[in-house]
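Only one structure is covered here, and it is reproduced in the block below.
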Amino acid sequence: MELLRNIPLARYTTWGVGGPADFFVEPANERELVEALNFAEEHGLEIFFIGSGSNLLVHDDGFRGMVVRMNLLNGISIDGTKVTVQAGVKLPRLARITVDMGLSGLEELAGIPGTVGGAIVQNAGAYGREIGELVNWIEIYGDAGVERYRSDALKFLYRKTILPSEGPILRVQLELKKGVVERIRSRMRELLIDRHRKQPRGRTAGSVFKNPKDAHPAGWLLDKAGVKRLKVGGAEYSRIHANFIVNLGDATASDIFRLIQIGKRRVLEQFGIELETEVVMMGDFDGPV
Ligand SMILES: Cc1cc2nc3c(=O)[nH]c(=O)nc-3n(C[C@H](O)[C@H](O)[C@H](O)COP(=O)(O)OP(=O)(O)OC[C@H]3O[C@@H](n4cnc5c(N)ncnc54)[C@H](O)[C@@H]3O)c2cc1C
């Protein structure tokens with residue numbers, strides 16, 4: 001296990017912002033992962049697991065603990081309609097592989113640039129499909145070692161999953177359905193084109209806010225609240241979709257955080273609705289930003 005010190009996290013997030021982690025490790029296998037967890041426990045370090053950092057805002061001061069990046073744990077095994085993957089497998093890759101094999105289920109999620117582990121934590125979804133619907137079981141490395149939980153022990157909510165144990169998600173088994181390759185592939189392509197048409201290019205973290213219940217979508221509310229093109233430093237609310245914040249090149253986490261606060265405040269003032277962020281915050285955003 002190669003334990004690195006003082007590693008800038010900006011390069012590990014799609015927003016491309018964020019300061020250093022005191023300790024950083026990318027385990028190549030589960031044995032190395034356990035070594036890293038043991039090291040953190042011996043030294044009393046707080047741990048933060050990351051995948052592709054595609055739903056993550058890392059503070060400019062970084063993280064005082066150990067960041068464990070799961071992406072090298074990326075094995076895939078397919079038996080009929082049962083697809084078993086390690087947590088670091090990226091959804092677009094998995095969707096492509098399964099679609100080519102005539103397995104249906106992931107075509108709606110093909111454009112989500114995260115890992116399976118991150119997708120489970122966030123119950124990632126698009127076009128009417130959430131990853132939680134496909135899960136047979138997941139494995140987490142918990143106090144008792146590898147713990148397996150069937151889907152009925154998990155609670156998949158909107159962009160959030162209640163997990164029965166802390167610790168990293170190691171492996172997931174998905175149940176897909178047999179289908180006709182050409183039909184599934186063309187649906188996947190259509191949805192990818194639709195996504196490219198509606199979402200901004202560039203450095204983003206996808207939707208910043210969750211859609212509030214029984215109300216207009218967050219993007220609509222933000223648009224009406226006039227945030228489109230609003231800029232702080234090097235970050236801007238997208239002119240294409242108001243629920244996206246784009247790093248124009250030299251944004252800091254603090255610029256993005258300020259925009260988030262402004263968007264929240266404006267929607268609250270105008271509509272009395274309190275938006276909740278979908279993006280996960282890492283680091284001390286309660287202190288000075
Ligand atoms: C252009 C773009 C489009 C997007 N579109 C969508 C969309 O349509 N639908 C959608 O739902 N999301 C979307 N997202 C957001 C994001 O891609 C998803 O939430 C994705 O599932 C996050 O995965 P990740 O590996 O990047 O997780 P990260 O951002 O690295 O982490 C997210 C959370 O998961 C936890 N985590 C990650 N891996 C593990 C693990 N192995 N064990 C335990 N915890 C873990 C982290 O601690 C953190 O809390 C989009 C993002 C971008 C940039």
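In the structure tokens, the first chain shown is A, the next is B, and so on; residue numbers restart at 1 for each chain, and ligands run from 1 in the order shown.
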
Check your understanding: Within 7 Å of ligand 1, counting only C-alpha atoms and all ligand atoms: which residues, as a ChimeraX atom specification?
Key -> /A:14,48-56,70,87-88,109,111-126,159,167-170,204-207,280

Review point. Where in region 40-268 of chain A does DSSP assign strand (DSSP E), given as number ranges by chain?
Key: A: 47-50, 56-58, 63-69, 76-79, 82-86, 103-104, 125-126, 129-130, 135-142, 145-150, 155-157, 160-162, 169-175, 177-178, 231-232, 235-237, 245-247

Generate a file of the selected residues that holds C-alpha atoms, formatted as a PDB file, in the first residue's frame.
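The new file selection_22.pdb reads:
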```pdb
ATOM      1  CA  ILE A  47     -11.415   8.538   6.808  1.00  0.00           C
ATOM      2  CA  PHE A  48     -13.255   9.749   3.732  1.00  0.00           C
ATOM      3  CA  PHE A  49     -13.937   7.339   0.844  1.00  0.00           C
ATOM      4  CA  ILE A  50     -14.158   8.761  -2.622  1.00  0.00           C
ATOM      5  CA  LEU A  56     -18.044  16.247  -4.265  1.00  0.00           C
ATOM      6  CA  LEU A  57     -17.122  19.739  -3.100  1.00  0.00           C
ATOM      7  CA  VAL A  58     -13.768  19.653  -1.311  1.00  0.00           C
ATOM      8  CA  PHE A  63      -9.155  17.357   4.573  1.00  0.00           C
ATOM      9  CA  ARG A  64      -7.375  16.597   7.860  1.00  0.00           C
ATOM     10  CA  GLY A  65      -7.443  12.835   7.686  1.00  0.00           C
ATOM     11  CA  MET A  66      -7.122  10.009   5.189  1.00  0.00           C
ATOM     12  CA  VAL A  67      -8.814   9.981   1.810  1.00  0.00           C
ATOM     13  CA  VAL A  68      -9.251   6.508   0.334  1.00  0.00           C
ATOM     14  CA  ARG A  69      -9.932   6.530  -3.405  1.00  0.00           C
ATOM     15  CA  ILE A  76     -16.465  -7.000 -13.087  1.00  0.00           C
ATOM     16  CA  SER A  77     -17.930 -10.489 -13.255  1.00  0.00           C
ATOM     17  CA  ILE A  78     -21.104 -11.359 -15.139  1.00  0.00           C
ATOM     18  CA  ASP A  79     -23.106 -14.543 -14.735  1.00  0.00           C
ATOM     19  CA  LYS A  82     -26.270 -11.158 -12.360  1.00  0.00           C
ATOM     20  CA  VAL A  83     -23.571  -8.504 -12.585  1.00  0.00           C
ATOM     21  CA  THR A  84     -21.121  -8.424  -9.689  1.00  0.00           C
ATOM     22  CA  VAL A  85     -18.741  -5.483  -9.543  1.00  0.00           C
ATOM     23  CA  GLN A  86     -16.246  -3.901  -7.234  1.00  0.00           C
ATOM     24  CA  LEU A 103     -28.403  -6.807 -20.617  1.00  0.00           C
ATOM     25  CA  SER A 104     -30.879  -4.073 -19.851  1.00  0.00           C
ATOM     26  CA  GLY A 125     -30.546   8.009 -10.974  1.00  0.00           C
ATOM     27  CA  ALA A 126     -31.661   9.431 -14.274  1.00  0.00           C
ATOM     28  CA  ARG A 129     -34.203   4.739 -13.158  1.00  0.00           C
ATOM     29  CA  GLU A 130     -32.323   4.625  -9.845  1.00  0.00           C
ATOM     30  CA  VAL A 135     -29.388  -4.090  -6.462  1.00  0.00           C
ATOM     31  CA  ASN A 136     -29.407  -7.722  -5.270  1.00  0.00           C
ATOM     32  CA  TRP A 137     -26.873  -7.189  -2.500  1.00  0.00           C
ATOM     33  CA  ILE A 138     -23.943  -5.021  -1.487  1.00  0.00           C
ATOM     34  CA  GLU A 139     -20.845  -5.781   0.558  1.00  0.00           C
ATOM     35  CA  ILE A 140     -19.392  -3.317   3.019  1.00  0.00           C
ATOM     36  CA  TYR A 141     -16.167  -3.661   4.975  1.00  0.00           C
ATOM     37  CA  GLY A 142     -17.468  -3.166   8.496  1.00  0.00           C
ATOM     38  CA  GLY A 145     -15.054  -7.759   8.212  1.00  0.00           C
ATOM     39  CA  VAL A 146     -16.900  -8.168   4.909  1.00  0.00           C
ATOM     40  CA  GLU A 147     -20.620  -7.794   5.588  1.00  0.00           C
ATOM     41  CA  ARG A 148     -23.185  -8.623   2.920  1.00  0.00           C
ATOM     42  CA  TYR A 149     -26.593  -6.926   2.895  1.00  0.00           C
ATOM     43  CA  ARG A 150     -29.438  -7.919   0.640  1.00  0.00           C
ATOM     44  CA  LYS A 155     -33.269   1.861   2.176  1.00  0.00           C
ATOM     45  CA  PHE A 156     -32.961   3.568  -1.182  1.00  0.00           C
ATOM     46  CA  LEU A 157     -34.312   7.099  -1.006  1.00  0.00           C
ATOM     47  CA  LYS A 160     -29.552   8.950  -0.694  1.00  0.00           C
ATOM     48  CA  THR A 161     -29.247   5.418   0.646  1.00  0.00           C
ATOM     49  CA  ILE A 162     -29.533   4.428   4.271  1.00  0.00           C
ATOM     50  CA  ILE A 169     -18.752  -0.319  -0.076  1.00  0.00           C
ATOM     51  CA  LEU A 170     -16.622  -3.076  -1.573  1.00  0.00           C
ATOM     52  CA  ARG A 171     -18.814  -4.959  -3.989  1.00  0.00           C
ATOM     53  CA  VAL A 172     -22.282  -4.807  -5.426  1.00  0.00           C
ATOM     54  CA  GLN A 173     -24.414  -7.326  -7.267  1.00  0.00           C
ATOM     55  CA  LEU A 174     -26.944  -5.945  -9.739  1.00  0.00           C
ATOM     56  CA  GLU A 175     -29.771  -7.887 -11.320  1.00  0.00           C
ATOM     57  CA  LYS A 177     -32.732  -8.153 -17.536  1.00  0.00           C
ATOM     58  CA  LYS A 178     -32.183  -9.862 -20.852  1.00  0.00           C
ATOM     59  CA  LYS A 231     -20.619  34.481 -11.170  1.00  0.00           C
ATOM     60  CA  VAL A 232     -18.403  34.432  -8.093  1.00  0.00           C
ATOM     61  CA  ALA A 235     -17.397  29.816 -10.866  1.00  0.00           C
ATOM     62  CA  GLU A 236     -20.720  30.451 -12.557  1.00  0.00           C
ATOM     63  CA  TYR A 237     -24.278  29.133 -12.491  1.00  0.00           C
ATOM     64  CA  ILE A 245     -22.324  25.339 -11.332  1.00  0.00           C
ATOM     65  CA  VAL A 246     -19.411  25.419 -13.754  1.00  0.00           C
ATOM     66  CA  ASN A 247     -15.776  25.948 -12.892  1.00  0.00           C
TER      67      ASN A 247
END
```

Exercise for review: Based on DSSP run over this structure's backbone, return all residues of region 77-257 of chain A in alpha helix (DSSP H), as a PyMOL selection string.
Suggested key: chain A and resi 91-100+116-122+181-198+218-224+253-257

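Residue nearest Thr277 (chain A) within the list A:Leu259, A:Met1, A:Leu9, A:Leu91: A:Leu259 [criterion: smallest interatomic distance, only C-alpha atoms].
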
Exercise for review: Find the residue from A:Ile131, A:Ala251, A:Val227, A:Ile256 that sits nearest to Leu106 (chain A); use only C-alpha atoms when measuring.
Suggested key: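 Smallest distance to Leu106 (chain A) is found for A:Ile131.
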
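CA of Gly249 (chain A) is positioned 26.2 Å from CA of Ala110 (chain A).
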
Point to revise | Selected residue of minimal separation from Asn74 (chain A) among A:Leu222, A:Ala144, A:Met281, A:Leu94, counting only C-alpha atoms | key: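 Closest to Asn74 (chain A), using only C-alpha atoms: A:Leu94.
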
Point to revise | Gap from CA of Gln270 (chain A) to CA of Asp223 (chain A) - Å, one decimal | key: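 Spanning CA of Gln270 (chain A) to CA of Asp223 (chain A) is a straight-line distance of 11.4 Å.
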
Practice item. Tell me which of A:Leu176, A:Gln199, A:Gly16, A:Thr81 sits closest to Gly219 (chain A), counting only C-alpha atoms. Key: A:Gln199

Practice item. Kindly give the distance, in Å, that separates CA of His241 (chain A) and CA of Arg195 (chain A), rounded to a single decimal. Key: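 CA of Arg195 (chain A) lies 11.2 Å from CA of His241 (chain A).
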
Review point. Which residue out of A:Leu248, A:Gly132, A:Gly80, A:His59 has the minimum interatomic distance to Thr13 (chain A) when only C-alpha atoms are used?
Key: A:His59

Point to revise | Contacts of Gly19 (chain A) at 10 Å (only C-alpha atoms; same-chain gap of 4+ positions) as a ChimeraX atom specification | key: /A:6-11,58-63,252-253,283

Writing out the chosen residues with N, CA and C atoms as a PDB file, in the first residue's frame:
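Once everything was written out, this is result.pdb:
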```
ATOM      1  N   ASN A   6      -0.200  14.767   1.941  1.00  0.00           N
ATOM      2  CA  ASN A   6      -0.394  16.122   1.419  1.00  0.00           C
ATOM      3  C   ASN A   6      -0.713  16.159  -0.086  1.00  0.00           C
ATOM      4  N   ILE A   7      -1.740  15.417  -0.457  1.00  0.00           N
ATOM      5  CA  ILE A   7      -2.085  15.289  -1.879  1.00  0.00           C
ATOM      6  C   ILE A   7      -3.250  16.216  -2.231  1.00  0.00           C
ATOM      7  N   PRO A   8      -3.040  17.128  -3.205  1.00  0.00           N
ATOM      8  CA  PRO A   8      -4.131  18.032  -3.607  1.00  0.00           C
ATOM      9  C   PRO A   8      -5.308  17.224  -4.160  1.00  0.00           C
ATOM     10  N   LEU A   9      -6.497  17.537  -3.699  1.00  0.00           N
ATOM     11  CA  LEU A   9      -7.658  16.732  -4.096  1.00  0.00           C
ATOM     12  C   LEU A   9      -8.347  17.273  -5.347  1.00  0.00           C
ATOM     13  N   ALA A  10      -7.984  18.502  -5.752  1.00  0.00           N
ATOM     14  CA  ALA A  10      -8.659  19.105  -6.909  1.00  0.00           C
ATOM     15  C   ALA A  10      -8.633  18.162  -8.111  1.00  0.00           C
ATOM     16  N   ARG A  11      -7.500  17.478  -8.297  1.00  0.00           N
ATOM     17  CA  ARG A  11      -7.378  16.613  -9.476  1.00  0.00           C
ATOM     18  C   ARG A  11      -8.255  15.364  -9.365  1.00  0.00           C
ATOM     19  N   VAL A  58     -14.836  19.752  -2.310  1.00  0.00           N
ATOM     20  CA  VAL A  58     -13.768  19.653  -1.311  1.00  0.00           C
ATOM     21  C   VAL A  58     -13.332  21.070  -0.930  1.00  0.00           C
ATOM     22  N   HIS A  59     -13.280  21.333   0.348  1.00  0.00           N
ATOM     23  CA  HIS A  59     -12.889  22.646   0.881  1.00  0.00           C
ATOM     24  C   HIS A  59     -11.484  23.037   0.397  1.00  0.00           C
ATOM     25  N   ASP A  60     -11.271  24.337   0.224  1.00  0.00           N
ATOM     26  CA  ASP A  60      -9.942  24.799  -0.218  1.00  0.00           C
ATOM     27  C   ASP A  60      -8.835  24.437   0.775  1.00  0.00           C
ATOM     28  N   ASP A  61      -9.201  24.269   2.039  1.00  0.00           N
ATOM     29  CA  ASP A  61      -8.189  23.866   3.030  1.00  0.00           C
ATOM     30  C   ASP A  61      -7.983  22.352   3.045  1.00  0.00           C
ATOM     31  N   GLY A  62      -8.761  21.647   2.261  1.00  0.00           N
ATOM     32  CA  GLY A  62      -8.566  20.199   2.151  1.00  0.00           C
ATOM     33  C   GLY A  62      -9.169  19.427   3.308  1.00  0.00           C
ATOM     34  N   PHE A  63      -8.560  18.297   3.619  1.00  0.00           N
ATOM     35  CA  PHE A  63      -9.155  17.357   4.573  1.00  0.00           C
ATOM     36  C   PHE A  63      -8.076  16.859   5.534  1.00  0.00           C
ATOM     37  N   THR A 252     -12.411  28.452  -7.084  1.00  0.00           N
ATOM     38  CA  THR A 252     -12.021  27.818  -5.821  1.00  0.00           C
ATOM     39  C   THR A 252     -13.294  27.192  -5.229  1.00  0.00           C
ATOM     40  N   ALA A 253     -13.074  26.338  -4.230  1.00  0.00           N
ATOM     41  CA  ALA A 253     -14.230  25.745  -3.542  1.00  0.00           C
ATOM     42  C   ALA A 253     -15.048  26.847  -2.889  1.00  0.00           C
ATOM     43  N   GLY A 283     -14.648  18.425   4.228  1.00  0.00           N
ATOM     44  CA  GLY A 283     -13.835  19.456   4.874  1.00  0.00           C
ATOM     45  C   GLY A 283     -14.721  20.365   5.709  1.00  0.00           C
TER      46      GLY A 283
END
```

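Restricting the calculation to only C-alpha atoms, the smallest distance between Leu154 (chain A) and any of A:Glu30, A:Glu46, A:Glu2, A:Glu133 is found for A:Glu133.
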